[in-house]
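Asker: Can you keep this structure in mind? I'll have questions shortly.
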Amino acid sequence: MRLHVVHHVDDEPDARPRPSADAQPGTGAGGSERTVAGRISPDHPSLDRLDPDAARSPRSIGSTPDFVASISKLTAVPPAQTAVPRVSSHPGPPVTVPRRKAPDPCDPEQPRRLTPYESGLAAVARHDVHIERVWPMRSPSTGSLEESSSAYFQGVRRGTPPASIVPVGGLRMNQAFPHEPVMATEVVGLFSPVPSGLILDATVGGGGHAAALLSAHGGVSVLGLDRDPVAAAAATAALAPFGHRAIVRQSRFDDLARVVAEVQDGLGGGPLAYGLSGALFDLGVSSPQLDVAERGFSYRRDAALDMRMDPTSGRTAADIVNEFDEDALVGLFTDNGEGRFARRIARAIVAARPVTTTGQLADVVRAAIPAATRRTGGHPARRVFQAIRIAVNEELDQLQRALDDALSLLRPGGRCVVIAYHSGEDRLVKTTFTRAVTGDCHCPPGLPCVCGADPQFRLVARGSRRPSEEEVARNRRAEAARLRVIERLPDAEDPASSNGEVA
């Protein structure tokens with residue numbers, strides 16, 4: 001229950017008679033009949049115990065004799081029973097203070113402890129308090145489950161709900177793959193100078209980045225790839241309004257060269273139609289994949305160990321956890337940032353086999369890490385789950401080949417943007433981009449190149465870009481994002497391909 005209590009003082013202090021010194025509680029012009037009248041909302045639950053006829057008029061409650069008597073009895077202060085001396089270091093006679101005897105439950109004359117309901121009635125009788133509004137703090141949905149995708153979810157609701165809100169049960173948004181694209185504004189801005197043509201979204205997910213690019217740049221088309229059949233279907237539906245400008249294929253991104261060639265052969269248009277105007281990689285796992293327990297990605301939801309992006313093929317996380325030997329697990333965890341306790345975790349997993357569920361694996365990892373370390377740094381199983389997911393989907397091996405193919409397909413002036421969430425992925429991207437902008441030069445830094453390297457790319461921005469504080473506050477999963485961008489240098493004999501931007 002939400003109880004809105006309002007304290008106030010008299011607007012006209014001289015207009016209300018004050019009780020005399022010998023006035024009895026609850027009687028006279030200044031008694032409870034005056035203080036209670038008009039102070040209770042008609043829907044206050046205290047009306048349930050009063051006379052029904054009086055309940056219809058809140059101002060008649062204070063004049064009800066039974067109610068006045070009950071309030072007088074509840075708020076009466078029992079007289080002092082004994083006096084005890086108070087010890088003081090100051091000179092002078094000892095001071096005595098009244099002391100009450102403990103109430104005897106068998107003595108009807110002794111005061112008793114008030115029940116919560118009686119305490120509430122006593123509070124209502126005070127002249128400086130009245131109950132303005134009481135309403136139940138419960139969800140307006142009558143369904144058995146309510147999530148943030150519910151049409152009537154109000155996570156920050158305060159105060160009395162508007163009269164326009166009508167409780168509706170079971171009404172939800174029909175979103176099979178809801179996902180907020182990370183750094184979408186930055187991505188759209190980075191692709192604005194690229195030439196017209198085909199942009200590859202190698203990890204299309206729910207189609208958020210692709211839709212933003214198609215809406216902002218009318219001269220480009222988008223080819224979206226995703227190995228997850230659920231994501232591919234969701235992206236197809238989300239990008240349907242863009243017609244032939246949006247193409248979605250279910251495929252691993254390390255097979256992008258073949259898919260791009262097939263799509264461009266089908267579109268036709270001559271030699272100038274081949275190549276990519278841009279390539280986008282939004283790496284890692286999507287929010288819907290984490291939120292669906294059955295996919296087995298999350299350590300916060302108990303389900304079978306799976307973690308496959310494509311649930312129809314490949315080995316599962318259970319295969320790795322139960323088949324890798326201790327040394328292989330140690331190497332896997334160390335490569336993904338869990339070097340300090342990698343051996344302890346691997347030994348605990350081997351001892352606990354068979355491990356078949358995400359909850360069981362999370363418990364084993366938690367028990368293997370010292371309690372003092374578990375208190376900081378987030379969930380103790382986070383890096384372990386991330387390492388196993390990367391191994392299940394062979395993400396780093398596929399990423400290296402996919403980046404090399406994407407850079408080779410870029411047309412002059414085209415750009416490749418990569419958003420990474422894991423240090424291993426970001427390190428691989430940085431190494432690949434550095435090799436591209438130097439032409440794979442092996443000469444000592446600071447000396448003229450004598451190895452014949454011919455750089456074809458430049459960094460649009462040095463280092464990595466981070467999401468804004470506003471975006472991180474809105475979407476906590478964007479906090480680890482690191483964005484890097486590279487551009488193929490325009491041909492010297494083709495001035496039309498130059499965009500004039502300076503890094």
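Residue numbering restarts at 1 in every chain; chains get A, B, ... in the order shown in the structure tokens, and ligands count up from 1 in that same order.
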Near stretch 235-250 of chain A, counting only C-alpha atoms, which residues have an atom at most 7 Å away, once you skip same-chain residues fewer than 2 positions from it, shown as JSON, numbers by chain?

Answerer: {"A": [204, 205, 206, 207, 211, 221, 222, 223, 224, 225, 226, 227, 228, 229, 231, 232, 233]}

Asker: Write a file of the just-selected residues containing N, CA and C atoms, as a PDB file, in the first residue's frame.

Answerer:
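The resulting file, again31.pdb, is shown below:
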ATOM      1  N   VAL A 204      24.323  -8.710 -38.488  1.00  0.00           N
ATOM      2  CA  VAL A 204      23.147  -7.847 -38.597  1.00  0.00           C
ATOM      3  C   VAL A 204      22.272  -7.891 -37.356  1.00  0.00           C
ATOM      4  N   GLY A 205      22.228  -9.014 -36.633  1.00  0.00           N
ATOM      5  CA  GLY A 205      21.412  -9.091 -35.422  1.00  0.00           C
ATOM      6  C   GLY A 205      19.954  -8.798 -35.705  1.00  0.00           C
ATOM      7  N   GLY A 206      19.393  -7.852 -34.940  1.00  0.00           N
ATOM      8  CA  GLY A 206      18.008  -7.458 -35.167  1.00  0.00           C
ATOM      9  C   GLY A 206      17.822  -6.420 -36.236  1.00  0.00           C
ATOM     10  N   GLY A 207      18.899  -5.990 -36.903  1.00  0.00           N
ATOM     11  CA  GLY A 207      18.797  -5.024 -37.993  1.00  0.00           C
ATOM     12  C   GLY A 207      18.815  -3.581 -37.556  1.00  0.00           C
ATOM     13  N   ALA A 211      19.096  -0.649 -40.340  1.00  0.00           N
ATOM     14  CA  ALA A 211      17.968   0.257 -40.529  1.00  0.00           C
ATOM     15  C   ALA A 211      18.404   1.713 -40.398  1.00  0.00           C
ATOM     16  N   SER A 221      22.870   0.429 -50.268  1.00  0.00           N
ATOM     17  CA  SER A 221      22.112  -0.767 -49.933  1.00  0.00           C
ATOM     18  C   SER A 221      22.880  -1.506 -48.853  1.00  0.00           C
ATOM     19  N   VAL A 222      22.208  -2.396 -48.135  1.00  0.00           N
ATOM     20  CA  VAL A 222      22.830  -3.118 -47.028  1.00  0.00           C
ATOM     21  C   VAL A 222      22.623  -4.606 -47.223  1.00  0.00           C
ATOM     22  N   LEU A 223      23.720  -5.345 -47.098  1.00  0.00           N
ATOM     23  CA  LEU A 223      23.683  -6.809 -47.070  1.00  0.00           C
ATOM     24  C   LEU A 223      23.970  -7.240 -45.639  1.00  0.00           C
ATOM     25  N   GLY A 224      22.986  -7.850 -44.999  1.00  0.00           N
ATOM     26  CA  GLY A 224      23.140  -8.271 -43.614  1.00  0.00           C
ATOM     27  C   GLY A 224      23.378  -9.766 -43.511  1.00  0.00           C
ATOM     28  N   LEU A 225      24.379 -10.140 -42.714  1.00  0.00           N
ATOM     29  CA  LEU A 225      24.688 -11.546 -42.470  1.00  0.00           C
ATOM     30  C   LEU A 225      24.535 -11.845 -40.983  1.00  0.00           C
ATOM     31  N   ASP A 226      24.060 -13.047 -40.683  1.00  0.00           N
ATOM     32  CA  ASP A 226      24.029 -13.520 -39.301  1.00  0.00           C
ATOM     33  C   ASP A 226      23.891 -15.027 -39.315  1.00  0.00           C
ATOM     34  N   ARG A 227      24.678 -15.686 -38.497  1.00  0.00           N
ATOM     35  CA  ARG A 227      24.629 -17.142 -38.432  1.00  0.00           C
ATOM     36  C   ARG A 227      23.466 -17.649 -37.595  1.00  0.00           C
ATOM     37  N   ASP A 228      22.861 -16.766 -36.789  1.00  0.00           N
ATOM     38  CA  ASP A 228      21.721 -17.134 -35.954  1.00  0.00           C
ATOM     39  C   ASP A 228      20.451 -17.076 -36.798  1.00  0.00           C
ATOM     40  N   PRO A 229      19.749 -18.194 -36.984  1.00  0.00           N
ATOM     41  CA  PRO A 229      18.535 -18.153 -37.821  1.00  0.00           C
ATOM     42  C   PRO A 229      17.445 -17.263 -37.250  1.00  0.00           C
ATOM     43  N   ALA A 231      17.945 -14.454 -35.533  1.00  0.00           N
ATOM     44  CA  ALA A 231      18.335 -13.084 -35.843  1.00  0.00           C
ATOM     45  C   ALA A 231      18.131 -12.776 -37.319  1.00  0.00           C
ATOM     46  N   ALA A 232      18.458 -13.717 -38.198  1.00  0.00           N
ATOM     47  CA  ALA A 232      18.274 -13.485 -39.630  1.00  0.00           C
ATOM     48  C   ALA A 232      16.805 -13.269 -39.964  1.00  0.00           C
ATOM     49  N   ALA A 233      15.920 -14.058 -39.355  1.00  0.00           N
ATOM     50  CA  ALA A 233      14.484 -13.882 -39.602  1.00  0.00           C
ATOM     51  C   ALA A 233      13.995 -12.548 -39.061  1.00  0.00           C
TER      52      ALA A 233
END

Asker: Give the helix (DSSP H, G or I) residues of stretch 246-398 of chain A, as DSSP finds them on the backbone, and put them as JSON, numbers by chain.

Answerer: {"A": [253, 254, 255, 256, 257, 258, 259, 260, 261, 262, 263, 264, 265, 266, 267, 271, 272, 273, 287, 288, 289, 290, 291, 293, 294, 295, 317, 318, 319, 320, 321, 322, 323, 326, 327, 328, 329, 330, 331, 332, 333, 334, 335, 342, 343, 344, 345, 346, 347, 348, 349, 350, 351, 352, 358, 359, 360, 361, 362, 363, 364, 365, 366, 367, 368, 371, 372, 373, 374, 382, 383, 384, 385, 386, 387, 388, 389, 390, 391, 392, 393, 395, 396, 397, 398]}

Asker: Quick one: residues within 7 Å of stretch 339-354 of chain A, only C-alpha atoms, excluding same-chain residues fewer than 4 positions away - as a list in words?

Answerer: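 Within the cut-off, the hits are Asn322, Glu326, Leu329, Val330, Phe333, Thr334, Val364, Val365, Ala368 and Ile369 of chain A.
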
Asker: Would you output that residue set with N, CA and C atoms, as a PDB file, in the first residue's frame?

Answerer:
ATOM      1  N   ASN A 322      33.107 -30.543 -20.645  1.00  0.00           N
ATOM      2  CA  ASN A 322      33.238 -31.924 -20.191  1.00  0.00           C
ATOM      3  C   ASN A 322      34.286 -32.737 -20.947  1.00  0.00           C
ATOM      4  N   GLU A 326      42.381 -30.499 -18.304  1.00  0.00           N
ATOM      5  CA  GLU A 326      42.619 -29.367 -17.415  1.00  0.00           C
ATOM      6  C   GLU A 326      43.523 -28.324 -18.048  1.00  0.00           C
ATOM      7  N   LEU A 329      41.658 -26.228 -20.636  1.00  0.00           N
ATOM      8  CA  LEU A 329      40.775 -25.247 -20.006  1.00  0.00           C
ATOM      9  C   LEU A 329      41.567 -24.083 -19.427  1.00  0.00           C
ATOM     10  N   VAL A 330      42.730 -24.384 -18.838  1.00  0.00           N
ATOM     11  CA  VAL A 330      43.563 -23.314 -18.288  1.00  0.00           C
ATOM     12  C   VAL A 330      43.988 -22.362 -19.398  1.00  0.00           C
ATOM     13  N   PHE A 333      40.918 -20.183 -20.494  1.00  0.00           N
ATOM     14  CA  PHE A 333      40.557 -19.125 -19.560  1.00  0.00           C
ATOM     15  C   PHE A 333      41.635 -18.047 -19.500  1.00  0.00           C
ATOM     16  N   THR A 334      42.898 -18.420 -19.588  1.00  0.00           N
ATOM     17  CA  THR A 334      43.987 -17.450 -19.532  1.00  0.00           C
ATOM     18  C   THR A 334      43.952 -16.519 -20.739  1.00  0.00           C
ATOM     19  N   VAL A 364      30.077 -23.824  -9.791  1.00  0.00           N
ATOM     20  CA  VAL A 364      31.418 -24.403  -9.697  1.00  0.00           C
ATOM     21  C   VAL A 364      32.477 -23.305  -9.773  1.00  0.00           C
ATOM     22  N   VAL A 365      32.307 -22.355 -10.702  1.00  0.00           N
ATOM     23  CA  VAL A 365      33.274 -21.268 -10.842  1.00  0.00           C
ATOM     24  C   VAL A 365      33.256 -20.381  -9.600  1.00  0.00           C
ATOM     25  N   ALA A 368      35.130 -21.924  -6.762  1.00  0.00           N
ATOM     26  CA  ALA A 368      36.568 -22.051  -6.977  1.00  0.00           C
ATOM     27  C   ALA A 368      37.321 -20.755  -6.730  1.00  0.00           C
ATOM     28  N   ILE A 369      36.634 -19.631  -6.721  1.00  0.00           N
ATOM     29  CA  ILE A 369      37.271 -18.324  -6.535  1.00  0.00           C
ATOM     30  C   ILE A 369      37.165 -17.922  -5.071  1.00  0.00           C
TER      31      ILE A 369
END

Asker: Can you tell me, as number ranges by chain, what residues are no more than 10 Å from stretch 448-454 of chain A when counting only C-alpha atoms, ignoring any on the same chain fewer than 4 positions away?

Answerer: A: 436-444

Asker: From a DSSP pass on the backbone, collect the residues of stretch 437-479 of chain A flagged as strand (DSSP E or B) and hand them back as number ranges by chain.

Answerer: A: 457-459, 465

Asker: For the selection you just gave me, I'd like the residues written to a file as a short mmCIF file (atom, residue, chain, number, x, y, z; two decimals), in the first residue's frame, keeping C-alpha atoms.

Answerer:
data_model
loop_
_atom_site.label_atom_id
_atom_site.label_comp_id
_atom_site.auth_asym_id
_atom_site.auth_seq_id
_atom_site.Cartn_x
_atom_site.Cartn_y
_atom_site.Cartn_z
CA PHE A 457 44.53 2.28 -45.94
CA ARG A 458 44.50 5.00 -43.35
CA LEU A 459 43.04 5.25 -39.85
CA ARG A 465 36.09 5.41 -29.62
#

Asker: How close does stretch 376-478 of chain A get to stretch 301-320 of chain A? List, as CSV, each residue of stretch 376-478 of chain A within 12 Å, its nearest atom pair and the distance in Å to one decimal, counting only C-alpha atoms.

Answerer:
residue,atom,partner,partner_atom,distance
A:Val384,CA,A:Ala317,CA,11.2
A:Phe385,CA,A:Met307,CA,9.0
A:Gln386,CA,A:Met307,CA,9.7
A:Ala387,CA,A:Ala317,CA,10.2
A:Ile388,CA,A:Ala317,CA,6.4
A:Arg389,CA,A:Met307,CA,5.7
A:Ile390,CA,A:Met307,CA,9.0
A:Ala391,CA,A:Ile320,CA,8.2
A:Val392,CA,A:Ala317,CA,6.0
A:Asn393,CA,A:Arg308,CA,6.2
A:Glu394,CA,A:Gly314,CA,9.9
A:Glu395,CA,A:Met309,CA,10.1
